[in-house]
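Beneath this line is the structure, given in structure tokens, with notes to follow.
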Amino acid sequence: MTAILESCATDCHPASVPDYTPLAELRNLQLMRLKAVVARAWQHVKLFRSRMDELGITPDDIRSLADISRLPFTKKSDLRDTYPFGLFASPMKDVVRLHGSSGTTGKPIVVAYTQQDVDVWSSVLVRAFAGCGLHRGDIIQIAYGYGLFTGGLGAHYGAEALGAAVVPTSAGHADRQIMLMKDFGVTAMCCTPTYFLHLIERAAELGVDMKDLPLRAGVFGAEPWTDSMRRHIEKMSSIEAFDIYGLSEIIGPGVGCECRHHQGLHIFEDHFYPEIVDPETGAPLPDGSEGELVLTTLSKQAMPMIRYRTRDITMIMPGTCACGRTLRRIGRIGRRSDDMLIIRGVNVFPSQVETALLEVEGTLPHYQILLTREHGLDRMEVQVEVTPQMFNDKIGALQGLHDKLQSALDHVLGIRVQVALVEAYSIERSQGKAKRVIDRRTS
Ligand code: DLL
């Protein structure tokens with residue numbers, strides 16, 4: 001144990017030691033926990049039991065980790081259909097926290113935690129933060145929303161358990177966020193990547209250069225962002241930007257996080273078991289193949305999730321990470337199986353647009369995709385903000401930029417789209433997850 005701690009002294013907190021569990025031991029632990037969680041769900045959750053009955057299986061049929069593929073999937077609609085408490089496996093007297101995330105029906109989907117679940121949640125966030133090089137003595141500002149959303153409180157408890165000093169600002173009030181970052185000497189920021197971009201811009205307007213602040217790390221997630229966006233953020237603020245992943249149904253932030261090697265996100269596999277399946281057929285796919293991430297909670301008490309279909313598209317990365325963690329990694333999540341746009345029959349993902357835009361000098365990483373239908377034909381307009389200098393320049397420069405963007409987008413997307421250059425700040429800033437697509441097509 002001492003050897004492990006010494007060997008990773010640069011970015012390691014003692015609590016991150018489970019990250020280095022020898023593989024055989026980790027797989028044994030996972031199997032033991034899988035059996036227990038399946039038994040718990042079968043015993044206490046009607047929906048799981050009836051699904052397993054339909055398949056003619058019982059918890060005793062889980063003898064190896066590979067048997068997980070015999071279990072039924074759980075989907076977001078199951079949470080909606082059993083609203084609010086139908087999937088709980090603990091009585092309310094053991095539940096200490098309820099969170100929720102917005103659904104399409106106006107009612108949130110509800111998730112529950114026992115005290116042990118909250119403790120596990122904090123422990124995975126401690127491991128995530130430690131992997132980002134954060135430790136006791138750091139001052140961590142949490143600008144994820146506090147409330148039903150899991151981002152704020154999840155990161156908050158984790159940062160406290162790490163031993164850091166927490167500044168719980170929640171989302172919004174950019175000027176105050178910047179003032180506190182500066183006055184308190186904040187060393188790490190937790191928020192959505194688009195909100196951090198907004199803070200960088202606002203800081204510049206207020207005469208604050210982020211590069212002069214003690215800020216050294218950002219732990220960004222809750223929405224897709226690209227490596228080009230990371231490079232932009234790091235260049236503008238001189239911080240190291242980390243990608244953190246999670247979803248309410250599984251626990252919230254802290255299902256997985258990058259380490260300092262930035263080669264994918266380590267999944268905290270002793271608590272969340274990852275699989276990749278074909279999004280169409282549900283068939284398991286091997287490591288290295290892109291597909292839909294399916295997660296099973298291995299230790300959740302209040303609301304265990306068995307084979308939850310996340311709709312997030314990624315892969316389990318083959319090989320091991322240079323950091324020495326035995327935890328498998330997933331690739332960054334660029335898209336969801338349900339955010340694909342079909343434009344005149346061609347599949348388009350917002351992340352492709354972002355990649356194309358960030359390769360062109362003179363644009364800002366703020367964009368929106370506007371979809372309309374004219375005479376039965378889909379029309380896709382990409383509105384891109386342009387730096388104020390560009391707008392002040394001669395008209396020729398703008399035209400040149402427009403043409404460059406047009407050809408970058410044509411190249412990446414393979415279809416003709418309209419490009420509209422708009423002034424800085426004309427696209428609404430989000431305090432949380434950015435809204436990239438406005439679909440005004442009526443079918
Ligand atoms: O967004 C939890 C969270 C909070 C994660 C703070 C990270 C940081 P939900 O609101 O339930 O939970 O949304 C979950 O957001 O299925 C993904 O589609 C997306 N998502 C979350 N993190 C990432 C990420 C929180 N790092 C949904 N990259 C997920 C890409 C992400 N997408």
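Each chain in the structure tokens gets a letter, A, B, ..., in the order shown, and its residues are numbered from 1; ligands are numbered from 1 in order too.
The shell of residues at most 6 Å from Leu364 of chain A, with only C-alpha atoms counted and near chain neighbours (fewer than 2 positions) removed, consists of A:His366, A:Glu385, A:Val386.
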Would you write out, as JSON lines, a table of all residues in chain A that have an atom no more than 9 Å from an atom of ligand 1, listing for each the closest atom pair and the distance in Å to one decimal, considering only C-alpha atoms and all ligand atoms and ordering rows by chain and rising residue number?
```
{"residue": "A:Gly100", "atom": "CA", "partner": "ligand 1", "partner_atom_place_in_ligand_line": "11 (O)", "distance": 7.7}
{"residue": "A:Ser101", "atom": "CA", "partner": "ligand 1", "partner_atom_place_in_ligand_line": "10 (O)", "distance": 5.4}
{"residue": "A:Ser102", "atom": "CA", "partner": "ligand 1", "partner_atom_place_in_ligand_line": "10 (O)", "distance": 7.4}
{"residue": "A:Ile109", "atom": "CA", "partner": "ligand 1", "partner_atom_place_in_ligand_line": "11 (O)", "distance": 9.0}
{"residue": "A:Tyr144", "atom": "CA", "partner": "ligand 1", "partner_atom_place_in_ligand_line": "6 (C)", "distance": 6.5}
{"residue": "A:Gly145", "atom": "CA", "partner": "ligand 1", "partner_atom_place_in_ligand_line": "6 (C)", "distance": 8.7}
{"residue": "A:Phe149", "atom": "CA", "partner": "ligand 1", "partner_atom_place_in_ligand_line": "10 (O)", "distance": 6.2}
{"residue": "A:Thr150", "atom": "CA", "partner": "ligand 1", "partner_atom_place_in_ligand_line": "2 (C)", "distance": 5.7}
{"residue": "A:Gly151", "atom": "CA", "partner": "ligand 1", "partner_atom_place_in_ligand_line": "4 (C)", "distance": 3.7}
{"residue": "A:Gly152", "atom": "CA", "partner": "ligand 1", "partner_atom_place_in_ligand_line": "6 (C)", "distance": 7.2}
{"residue": "A:Gly154", "atom": "CA", "partner": "ligand 1", "partner_atom_place_in_ligand_line": "4 (C)", "distance": 7.7}
{"residue": "A:Ala155", "atom": "CA", "partner": "ligand 1", "partner_atom_place_in_ligand_line": "6 (C)", "distance": 7.4}
{"residue": "A:Cys190", "atom": "CA", "partner": "ligand 1", "partner_atom_place_in_ligand_line": "8 (C)", "distance": 7.9}
{"residue": "A:Cys191", "atom": "CA", "partner": "ligand 1", "partner_atom_place_in_ligand_line": "6 (C)", "distance": 7.0}
{"residue": "A:Thr192", "atom": "CA", "partner": "ligand 1", "partner_atom_place_in_ligand_line": "8 (C)", "distance": 6.9}
{"residue": "A:Val219", "atom": "CA", "partner": "ligand 1", "partner_atom_place_in_ligand_line": "8 (C)", "distance": 7.9}
{"residue": "A:Phe220", "atom": "CA", "partner": "ligand 1", "partner_atom_place_in_ligand_line": "8 (C)", "distance": 6.2}
{"residue": "A:Gly221", "atom": "CA", "partner": "ligand 1", "partner_atom_place_in_ligand_line": "26 (N)", "distance": 3.8}
{"residue": "A:Ala222", "atom": "CA", "partner": "ligand 1", "partner_atom_place_in_ligand_line": "21 (C)", "distance": 3.3}
{"residue": "A:Glu223", "atom": "CA", "partner": "ligand 1", "partner_atom_place_in_ligand_line": "32 (N)", "distance": 3.9}
{"residue": "A:Pro224", "atom": "CA", "partner": "ligand 1", "partner_atom_place_in_ligand_line": "30 (C)", "distance": 3.4}
{"residue": "A:Trp225", "atom": "CA", "partner": "ligand 1", "partner_atom_place_in_ligand_line": "28 (N)", "distance": 6.2}
{"residue": "A:Thr226", "atom": "CA", "partner": "ligand 1", "partner_atom_place_in_ligand_line": "28 (N)", "distance": 8.7}
{"residue": "A:Phe242", "atom": "CA", "partner": "ligand 1", "partner_atom_place_in_ligand_line": "26 (N)", "distance": 8.8}
{"residue": "A:Asp243", "atom": "CA", "partner": "ligand 1", "partner_atom_place_in_ligand_line": "26 (N)", "distance": 5.1}
{"residue": "A:Ile244", "atom": "CA", "partner": "ligand 1", "partner_atom_place_in_ligand_line": "26 (N)", "distance": 4.5}
{"residue": "A:Tyr245", "atom": "CA", "partner": "ligand 1", "partner_atom_place_in_ligand_line": "22 (N)", "distance": 3.8}
{"residue": "A:Gly246", "atom": "CA", "partner": "ligand 1", "partner_atom_place_in_ligand_line": "5 (C)", "distance": 4.0}
{"residue": "A:Leu247", "atom": "CA", "partner": "ligand 1", "partner_atom_place_in_ligand_line": "12 (O)", "distance": 3.6}
{"residue": "A:Ser248", "atom": "CA", "partner": "ligand 1", "partner_atom_place_in_ligand_line": "11 (O)", "distance": 3.9}
{"residue": "A:Glu249", "atom": "CA", "partner": "ligand 1", "partner_atom_place_in_ligand_line": "11 (O)", "distance": 6.3}
{"residue": "A:Ile250", "atom": "CA", "partner": "ligand 1", "partner_atom_place_in_ligand_line": "11 (O)", "distance": 8.4}
{"residue": "A:Ile251", "atom": "CA", "partner": "ligand 1", "partner_atom_place_in_ligand_line": "2 (C)", "distance": 8.0}
{"residue": "A:Gly252", "atom": "CA", "partner": "ligand 1", "partner_atom_place_in_ligand_line": "2 (C)", "distance": 4.4}
{"residue": "A:Pro253", "atom": "CA", "partner": "ligand 1", "partner_atom_place_in_ligand_line": "5 (C)", "distance": 3.8}
{"residue": "A:Gly254", "atom": "CA", "partner": "ligand 1", "partner_atom_place_in_ligand_line": "7 (C)", "distance": 6.8}
{"residue": "A:Val255", "atom": "CA", "partner": "ligand 1", "partner_atom_place_in_ligand_line": "5 (C)", "distance": 8.0}
{"residue": "A:Gly256", "atom": "CA", "partner": "ligand 1", "partner_atom_place_in_ligand_line": "26 (N)", "distance": 8.4}
{"residue": "A:Cys257", "atom": "CA", "partner": "ligand 1", "partner_atom_place_in_ligand_line": "26 (N)", "distance": 7.8}
{"residue": "A:Leu265", "atom": "CA", "partner": "ligand 1", "partner_atom_place_in_ligand_line": "26 (N)", "distance": 8.7}
{"residue": "A:Thr310", "atom": "CA", "partner": "ligand 1", "partner_atom_place_in_ligand_line": "16 (O)", "distance": 5.5}
{"residue": "A:Arg311", "atom": "CA", "partner": "ligand 1", "partner_atom_place_in_ligand_line": "16 (O)", "distance": 6.7}
{"residue": "A:Asp312", "atom": "CA", "partner": "ligand 1", "partner_atom_place_in_ligand_line": "18 (O)", "distance": 5.4}
{"residue": "A:Ile313", "atom": "CA", "partner": "ligand 1", "partner_atom_place_in_ligand_line": "18 (O)", "distance": 8.6}
{"residue": "A:Arg332", "atom": "CA", "partner": "ligand 1", "partner_atom_place_in_ligand_line": "28 (N)", "distance": 6.3}
{"residue": "A:Ile333", "atom": "CA", "partner": "ligand 1", "partner_atom_place_in_ligand_line": "30 (C)", "distance": 4.5}
{"residue": "A:Gly334", "atom": "CA", "partner": "ligand 1", "partner_atom_place_in_ligand_line": "30 (C)", "distance": 6.0}
{"residue": "A:Arg335", "atom": "CA", "partner": "ligand 1", "partner_atom_place_in_ligand_line": "30 (C)", "distance": 7.0}
{"residue": "A:Arg336", "atom": "CA", "partner": "ligand 1", "partner_atom_place_in_ligand_line": "18 (O)", "distance": 6.0}
{"residue": "A:Lys433", "atom": "CA", "partner": "ligand 1", "partner_atom_place_in_ligand_line": "1 (O)", "distance": 8.0}
```
At a cut-off of 12 Å, using only C-alpha atoms, what residues contact segment 182-184 of chain A? Leave out same-chain residues fewer than 5 positions from it and give the result as a ChimeraX atom specification. /A:138-141,165-167,175-177,189,203,206-215
Using the selection just defined, write its residues with C-alpha atoms as a PDB file, in the first residue's frame.
```pdb
ATOM      1  CA  ASP A 138      -7.042  23.297  -2.922  1.00  0.00           C
ATOM      2  CA  ILE A 139      -9.879  25.805  -3.130  1.00  0.00           C
ATOM      3  CA  ILE A 140     -12.582  24.364  -5.356  1.00  0.00           C
ATOM      4  CA  GLN A 141     -15.407  26.507  -6.695  1.00  0.00           C
ATOM      5  CA  ALA A 165     -12.032  24.192   0.742  1.00  0.00           C
ATOM      6  CA  VAL A 166     -15.306  24.412  -1.167  1.00  0.00           C
ATOM      7  CA  VAL A 167     -16.800  27.594  -2.600  1.00  0.00           C
ATOM      8  CA  ASP A 175     -19.403  38.582 -12.338  1.00  0.00           C
ATOM      9  CA  ARG A 176     -19.652  37.273  -8.795  1.00  0.00           C
ATOM     10  CA  GLN A 177     -18.105  33.947  -9.824  1.00  0.00           C
ATOM     11  CA  MET A 189     -13.338  25.201 -11.034  1.00  0.00           C
ATOM     12  CA  ALA A 203     -13.467  37.967 -17.095  1.00  0.00           C
ATOM     13  CA  LEU A 206     -13.980  42.929 -16.561  1.00  0.00           C
ATOM     14  CA  GLY A 207     -10.252  43.318 -17.095  1.00  0.00           C
ATOM     15  CA  VAL A 208      -9.404  40.017 -15.380  1.00  0.00           C
ATOM     16  CA  ASP A 209      -7.012  37.742 -17.221  1.00  0.00           C
ATOM     17  CA  MET A 210      -7.726  34.168 -16.138  1.00  0.00           C
ATOM     18  CA  LYS A 211      -4.091  33.360 -16.815  1.00  0.00           C
ATOM     19  CA  ASP A 212      -3.076  35.592 -13.902  1.00  0.00           C
ATOM     20  CA  LEU A 213      -5.266  33.747 -11.397  1.00  0.00           C
ATOM     21  CA  PRO A 214      -4.062  30.847  -9.215  1.00  0.00           C
ATOM     22  CA  LEU A 215      -6.632  28.678 -11.000  1.00  0.00           C
TER      23      LEU A 215
END
```
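The spacing separating atom CA of Ile267 of chain A from atom CA of Leu134 of chain A amounts to 18.1 Å.
Taking only C-alpha atoms, the non-local environment of Ile343 of chain A within 9 Å (same-chain residues fewer than 5 positions away omitted) comprises Val348, Leu371, Leu377, Asp378, Arg379, Met380 and Ile415 of chain A.
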Can you write out the residues you just picked, keeping all heavy atoms, as an mmCIF file, in the first residue's frame?
```
data_model
loop_
_atom_site.group_PDB
_atom_site.id
_atom_site.type_symbol
_atom_site.label_atom_id
_atom_site.label_comp_id
_atom_site.auth_asym_id
_atom_site.auth_seq_id
_atom_site.Cartn_x
_atom_site.Cartn_y
_atom_site.Cartn_z
ATOM 1 N N VAL A 348 -25.925 13.822 -39.068
ATOM 2 C CA VAL A 348 -25.046 14.913 -38.634
ATOM 3 C C VAL A 348 -25.075 14.964 -37.108
ATOM 4 O O VAL A 348 -26.146 14.850 -36.508
ATOM 5 C CB VAL A 348 -25.567 16.260 -39.203
ATOM 6 C CG1 VAL A 348 -24.816 17.429 -38.602
ATOM 7 C CG2 VAL A 348 -25.450 16.283 -40.721
ATOM 8 N N LEU A 371 -32.455 24.482 -37.462
ATOM 9 C CA LEU A 371 -33.016 23.608 -38.491
ATOM 10 C C LEU A 371 -34.401 24.102 -38.886
ATOM 11 O O LEU A 371 -35.241 24.374 -38.018
ATOM 12 C CB LEU A 371 -33.147 22.182 -37.960
ATOM 13 C CG LEU A 371 -31.847 21.521 -37.512
ATOM 14 C CD1 LEU A 371 -32.126 20.171 -36.888
ATOM 15 C CD2 LEU A 371 -30.896 21.364 -38.691
ATOM 16 N N LEU A 377 -37.839 20.655 -47.844
ATOM 17 C CA LEU A 377 -36.409 20.316 -47.753
ATOM 18 C C LEU A 377 -35.821 20.835 -46.442
ATOM 19 O O LEU A 377 -36.074 21.978 -46.051
ATOM 20 C CB LEU A 377 -35.647 20.969 -48.896
ATOM 21 C CG LEU A 377 -35.393 20.164 -50.153
ATOM 22 C CD1 LEU A 377 -34.396 20.909 -51.035
ATOM 23 C CD2 LEU A 377 -34.846 18.763 -49.820
ATOM 24 N N ASP A 378 -35.011 19.996 -45.802
ATOM 25 C CA ASP A 378 -34.368 20.447 -44.571
ATOM 26 C C ASP A 378 -33.321 21.508 -44.878
ATOM 27 O O ASP A 378 -32.557 21.375 -45.837
ATOM 28 C CB ASP A 378 -33.623 19.281 -43.891
ATOM 29 C CG ASP A 378 -34.584 18.225 -43.395
ATOM 30 O OD1 ASP A 378 -35.754 18.564 -43.138
ATOM 31 O OD2 ASP A 378 -34.162 17.060 -43.276
ATOM 32 N N ARG A 379 -33.299 22.522 -44.023
ATOM 33 C CA ARG A 379 -32.275 23.550 -44.171
ATOM 34 C C ARG A 379 -31.551 23.640 -42.829
ATOM 35 O O ARG A 379 -32.195 23.714 -41.776
ATOM 36 C CB ARG A 379 -32.945 24.875 -44.505
ATOM 37 C CG ARG A 379 -31.992 26.012 -44.735
ATOM 38 C CD ARG A 379 -32.776 27.262 -45.138
ATOM 39 N NE ARG A 379 -31.886 28.335 -45.510
ATOM 40 C CZ ARG A 379 -31.320 29.159 -44.640
ATOM 41 N NH1 ARG A 379 -31.567 29.048 -43.359
ATOM 42 N NH2 ARG A 379 -30.499 30.122 -45.057
ATOM 43 N N MET A 380 -30.230 23.575 -42.896
ATOM 44 C CA MET A 380 -29.461 23.651 -41.654
ATOM 45 C C MET A 380 -28.573 24.884 -41.704
ATOM 46 O O MET A 380 -27.753 25.035 -42.611
ATOM 47 C CB MET A 380 -28.595 22.390 -41.517
ATOM 48 C CG MET A 380 -27.627 22.445 -40.360
ATOM 49 S SD MET A 380 -26.922 20.792 -40.104
ATOM 50 C CE MET A 380 -25.420 21.223 -39.254
ATOM 51 N N ILE A 415 -22.373 17.526 -46.397
ATOM 52 C CA ILE A 415 -23.558 18.142 -47.018
ATOM 53 C C ILE A 415 -23.382 19.657 -46.982
ATOM 54 O O ILE A 415 -22.604 20.179 -46.183
ATOM 55 C CB ILE A 415 -24.886 17.814 -46.288
ATOM 56 C CG1 ILE A 415 -24.770 18.129 -44.789
ATOM 57 C CG2 ILE A 415 -25.369 16.417 -46.542
ATOM 58 C CD1 ILE A 415 -26.111 18.215 -44.105
#
```
Just the residues within 12 Å of Val120 of chain A, please, counting only C-alpha atoms, with nothing from its chain fewer than 2 positions along; format it as a PyMOL selection string. chain A and resi 15+113-118+122-127+154+157-158+161+250-255+268+270-272+297-301
I'd like to know which residues of segment 262-335 of chain A are strand (DSSP E or B) (by DSSP, run on the backbone); could you write them as a PyMOL selection string? chain A and resi 265-267+272-277+284+291-297+308-314+316+329-330+335
Please list as a list in words every residue within 9 Å of segment 76-81 of chain A, counting only C-alpha atoms and excluding residues in the same chain fewer than 3 positions away. Leu47, Pro84, Phe85, Gly86, Leu87, Gly103, Thr105, Lys107, Pro108, Ile109, Val110, Val111, Glu249, Tyr308, Arg309 and Thr310 of chain A
Deliver the residues from the most recent selection as a file, using C-alpha atoms, as a PDB file, in the first residue's frame.
```pdb
ATOM      1  CA  LEU A  47     -40.226  -4.172 -12.508  1.00  0.00           C
ATOM      2  CA  PRO A  84     -41.856   8.904  -8.693  1.00  0.00           C
ATOM      3  CA  PHE A  85     -40.671   6.054  -6.429  1.00  0.00           C
ATOM      4  CA  GLY A  86     -41.421   2.852  -8.324  1.00  0.00           C
ATOM      5  CA  LEU A  87     -37.805   1.711  -8.741  1.00  0.00           C
ATOM      6  CA  GLY A 103     -37.596  14.776 -18.502  1.00  0.00           C
ATOM      7  CA  THR A 105     -42.856  15.133 -20.021  1.00  0.00           C
ATOM      8  CA  LYS A 107     -42.036  15.654 -14.644  1.00  0.00           C
ATOM      9  CA  PRO A 108     -38.455  14.983 -13.601  1.00  0.00           C
ATOM     10  CA  ILE A 109     -37.056  11.496 -13.384  1.00  0.00           C
ATOM     11  CA  VAL A 110     -36.346  10.788  -9.721  1.00  0.00           C
ATOM     12  CA  VAL A 111     -33.308   9.143  -8.176  1.00  0.00           C
ATOM     13  CA  GLU A 249     -29.768   7.554 -13.078  1.00  0.00           C
ATOM     14  CA  TYR A 308     -29.068   1.038 -17.863  1.00  0.00           C
ATOM     15  CA  ARG A 309     -29.084   2.201 -21.492  1.00  0.00           C
ATOM     16  CA  THR A 310     -27.374   5.593 -21.272  1.00  0.00           C
TER      17      THR A 310
END
```
For the structure I just gave you, how does DSSP split segment 180-291 of chain A - specifically, which residues are helix (DSSP H, G or I)? Reply as an mmCIF file with N, CA, C and O atoms, in the first residue's frame.
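And here is the file that came out, out27.cif:
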```
data_model
loop_
_atom_site.group_PDB
_atom_site.id
_atom_site.type_symbol
_atom_site.label_atom_id
_atom_site.label_comp_id
_atom_site.auth_asym_id
_atom_site.auth_seq_id
_atom_site.Cartn_x
_atom_site.Cartn_y
_atom_site.Cartn_z
ATOM 1 N N LEU A 180 -15.088 36.070 -6.933
ATOM 2 C CA LEU A 180 -14.703 35.107 -5.899
ATOM 3 C C LEU A 180 -13.482 34.288 -6.314
ATOM 4 O O LEU A 180 -12.599 34.015 -5.499
ATOM 5 N N MET A 181 -13.437 33.936 -7.594
ATOM 6 C CA MET A 181 -12.267 33.184 -8.070
ATOM 7 C C MET A 181 -11.000 33.974 -7.775
ATOM 8 O O MET A 181 -9.983 33.439 -7.326
ATOM 9 N N LYS A 182 -11.103 35.271 -8.032
ATOM 10 C CA LYS A 182 -9.940 36.145 -7.885
ATOM 11 C C LYS A 182 -9.638 36.394 -6.394
ATOM 12 O O LYS A 182 -8.527 36.160 -5.926
ATOM 13 N N ASP A 183 -10.658 36.824 -5.650
ATOM 14 C CA ASP A 183 -10.430 37.220 -4.253
ATOM 15 C C ASP A 183 -10.055 36.036 -3.368
ATOM 16 O O ASP A 183 -9.268 36.174 -2.435
ATOM 17 N N PHE A 184 -10.643 34.873 -3.639
ATOM 18 C CA PHE A 184 -10.379 33.700 -2.777
ATOM 19 C C PHE A 184 -9.169 32.898 -3.264
ATOM 20 O O PHE A 184 -8.747 31.960 -2.618
ATOM 21 N N PRO A 193 -18.385 22.927 -19.431
ATOM 22 C CA PRO A 193 -17.341 23.581 -20.236
ATOM 23 C C PRO A 193 -17.840 24.855 -20.909
ATOM 24 O O PRO A 193 -17.090 25.835 -21.014
ATOM 25 N N THR A 194 -19.105 24.874 -21.335
ATOM 26 C CA THR A 194 -19.592 26.094 -22.008
ATOM 27 C C THR A 194 -19.733 27.236 -21.002
ATOM 28 O O THR A 194 -19.526 28.395 -21.353
ATOM 29 N N TYR A 195 -20.077 26.908 -19.778
ATOM 30 C CA TYR A 195 -20.177 27.986 -18.793
ATOM 31 C C TYR A 195 -18.778 28.549 -18.487
ATOM 32 O O TYR A 195 -18.601 29.753 -18.333
ATOM 33 N N PHE A 196 -17.793 27.671 -18.462
ATOM 34 C CA PHE A 196 -16.440 28.171 -18.215
ATOM 35 C C PHE A 196 -15.975 29.081 -19.357
ATOM 36 O O PHE A 196 -15.333 30.115 -19.123
ATOM 37 N N LEU A 197 -16.335 28.725 -20.575
ATOM 38 C CA LEU A 197 -16.005 29.594 -21.722
ATOM 39 C C LEU A 197 -16.600 30.978 -21.507
ATOM 40 O O LEU A 197 -15.968 32.006 -21.769
ATOM 41 N N HIS A 198 -17.840 30.978 -21.056
ATOM 42 C CA HIS A 198 -18.521 32.239 -20.791
ATOM 43 C C HIS A 198 -17.769 33.030 -19.720
ATOM 44 O O HIS A 198 -17.565 34.248 -19.847
ATOM 45 N N LEU A 199 -17.304 32.330 -18.684
ATOM 46 C CA LEU A 199 -16.569 33.025 -17.612
ATOM 47 C C LEU A 199 -15.256 33.616 -18.137
ATOM 48 O O LEU A 199 -14.863 34.722 -17.748
ATOM 49 N N ILE A 200 -14.601 32.894 -19.025
ATOM 50 C CA ILE A 200 -13.344 33.418 -19.593
ATOM 51 C C ILE A 200 -13.621 34.749 -20.310
ATOM 52 O O ILE A 200 -12.920 35.740 -20.121
ATOM 53 N N GLU A 201 -14.678 34.731 -21.108
ATOM 54 C CA GLU A 201 -15.006 35.946 -21.877
ATOM 55 C C GLU A 201 -15.387 37.110 -20.966
ATOM 56 O O GLU A 201 -14.958 38.240 -21.143
ATOM 57 N N ARG A 202 -16.220 36.794 -19.997
ATOM 58 C CA ARG A 202 -16.702 37.843 -19.095
ATOM 59 C C ARG A 202 -15.540 38.409 -18.283
ATOM 60 O O ARG A 202 -15.440 39.624 -18.060
ATOM 61 N N ALA A 203 -14.629 37.519 -17.870
ATOM 62 C CA ALA A 203 -13.467 37.967 -17.095
ATOM 63 C C ALA A 203 -12.670 38.980 -17.915
ATOM 64 O O ALA A 203 -12.274 40.036 -17.412
ATOM 65 N N ALA A 204 -12.473 38.661 -19.192
ATOM 66 C CA ALA A 204 -11.699 39.570 -20.046
ATOM 67 C C ALA A 204 -12.376 40.932 -20.103
ATOM 68 O O ALA A 204 -11.724 41.980 -20.017
ATOM 69 N N GLU A 205 -13.697 40.933 -20.211
ATOM 70 C CA GLU A 205 -14.428 42.213 -20.249
ATOM 71 C C GLU A 205 -14.261 43.002 -18.958
ATOM 72 O O GLU A 205 -14.264 44.228 -18.958
ATOM 73 N N MET A 210 -7.687 35.455 -16.868
ATOM 74 C CA MET A 210 -7.726 34.168 -16.138
ATOM 75 C C MET A 210 -6.329 33.593 -15.947
ATOM 76 O O MET A 210 -6.074 32.864 -15.000
ATOM 77 N N LYS A 211 -5.445 33.926 -16.896
ATOM 78 C CA LYS A 211 -4.091 33.360 -16.815
ATOM 79 C C LYS A 211 -3.342 33.875 -15.602
ATOM 80 O O LYS A 211 -2.370 33.276 -15.164
ATOM 81 N N ASP A 212 -3.771 35.024 -15.065
ATOM 82 C CA ASP A 212 -3.076 35.592 -13.902
ATOM 83 C C ASP A 212 -3.600 35.035 -12.582
ATOM 84 O O ASP A 212 -3.074 35.360 -11.519
ATOM 85 N N ASP A 227 -12.028 17.806 -27.900
ATOM 86 C CA ASP A 227 -10.625 18.110 -27.599
ATOM 87 C C ASP A 227 -10.238 19.493 -28.112
ATOM 88 O O ASP A 227 -9.414 20.175 -27.500
ATOM 89 N N SER A 228 -10.848 19.919 -29.217
ATOM 90 C CA SER A 228 -10.542 21.276 -29.717
ATOM 91 C C SER A 228 -11.010 22.307 -28.698
ATOM 92 O O SER A 228 -10.332 23.314 -28.460
ATOM 93 N N MET A 229 -12.162 22.044 -28.103
ATOM 94 C CA MET A 229 -12.671 22.964 -27.083
ATOM 95 C C MET A 229 -11.718 22.959 -25.875
ATOM 96 O O MET A 229 -11.446 24.001 -25.283
ATOM 97 N N ARG A 230 -11.207 21.793 -25.523
ATOM 98 C CA ARG A 230 -10.256 21.719 -24.407
ATOM 99 C C ARG A 230 -9.033 22.595 -24.687
ATOM 100 O O ARG A 230 -8.583 23.380 -23.871
ATOM 101 N N ARG A 231 -8.502 22.444 -25.913
ATOM 102 C CA ARG A 231 -7.306 23.223 -26.261
ATOM 103 C C ARG A 231 -7.598 24.722 -26.159
ATOM 104 O O ARG A 231 -6.797 25.493 -25.650
ATOM 105 N N HIS A 232 -8.759 25.106 -26.633
ATOM 106 C CA HIS A 232 -9.136 26.523 -26.588
ATOM 107 C C HIS A 232 -9.201 26.997 -25.126
ATOM 108 O O HIS A 232 -8.629 28.031 -24.772
ATOM 109 N N ILE A 233 -9.890 26.240 -24.291
ATOM 110 C CA ILE A 233 -10.032 26.621 -22.869
ATOM 111 C C ILE A 233 -8.651 26.722 -22.210
ATOM 112 O O ILE A 233 -8.349 27.681 -21.498
ATOM 113 N N GLU A 234 -7.818 25.716 -22.477
ATOM 114 C CA GLU A 234 -6.504 25.702 -21.812
ATOM 115 C C GLU A 234 -5.639 26.877 -22.270
ATOM 116 O O GLU A 234 -4.907 27.470 -21.482
ATOM 117 N N LYS A 235 -5.778 27.209 -23.547
ATOM 118 C CA LYS A 235 -4.996 28.328 -24.084
ATOM 119 C C LYS A 235 -5.451 29.659 -23.476
ATOM 120 O O LYS A 235 -4.640 30.512 -23.126
ATOM 121 N N MET A 236 -6.743 29.805 -23.321
ATOM 122 C CA MET A 236 -7.274 31.080 -22.843
ATOM 123 C C MET A 236 -7.124 31.276 -21.337
ATOM 124 O O MET A 236 -7.235 32.400 -20.847
ATOM 125 N N SER A 237 -6.936 30.166 -20.601
ATOM 126 C CA SER A 237 -6.962 30.317 -19.146
ATOM 127 C C SER A 237 -5.750 29.718 -18.432
ATOM 128 O O SER A 237 -5.651 29.828 -17.207
#
```
Quote the spacing between atom CA of Glu269 of chain A and atom CA of Arg328 of chain A in Å to one decimal place. 7.4 Å
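Residue nearest Leu295 of chain A within the list A:Pro274, A:Tyr83, A:Val417, A:Gly282: A:Pro274 [criterion: smallest interatomic distance, only C-alpha atoms].
Minimum distance to Ser351 of chain A across A:Arg436, A:Ser170, A:Gly291, A:Ala66 (counting only C-alpha atoms) occurs at A:Arg436.
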Taking into account only C-alpha atoms, which residue in the set A:Leu23, A:Ala408, A:Leu71, A:Leu29 is nearest to Thr355 of chain A? A:Ala408
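With atom CA of Val186 of chain A on one side and atom CA of Arg429 of chain A on the other, the separation reads 22.9 Å.
Proximity ranking of A:Ala283, A:Ala89, A:Leu26, A:Ala322 relative to His44 of chain A places A:Ala89 first, based on only C-alpha atoms.
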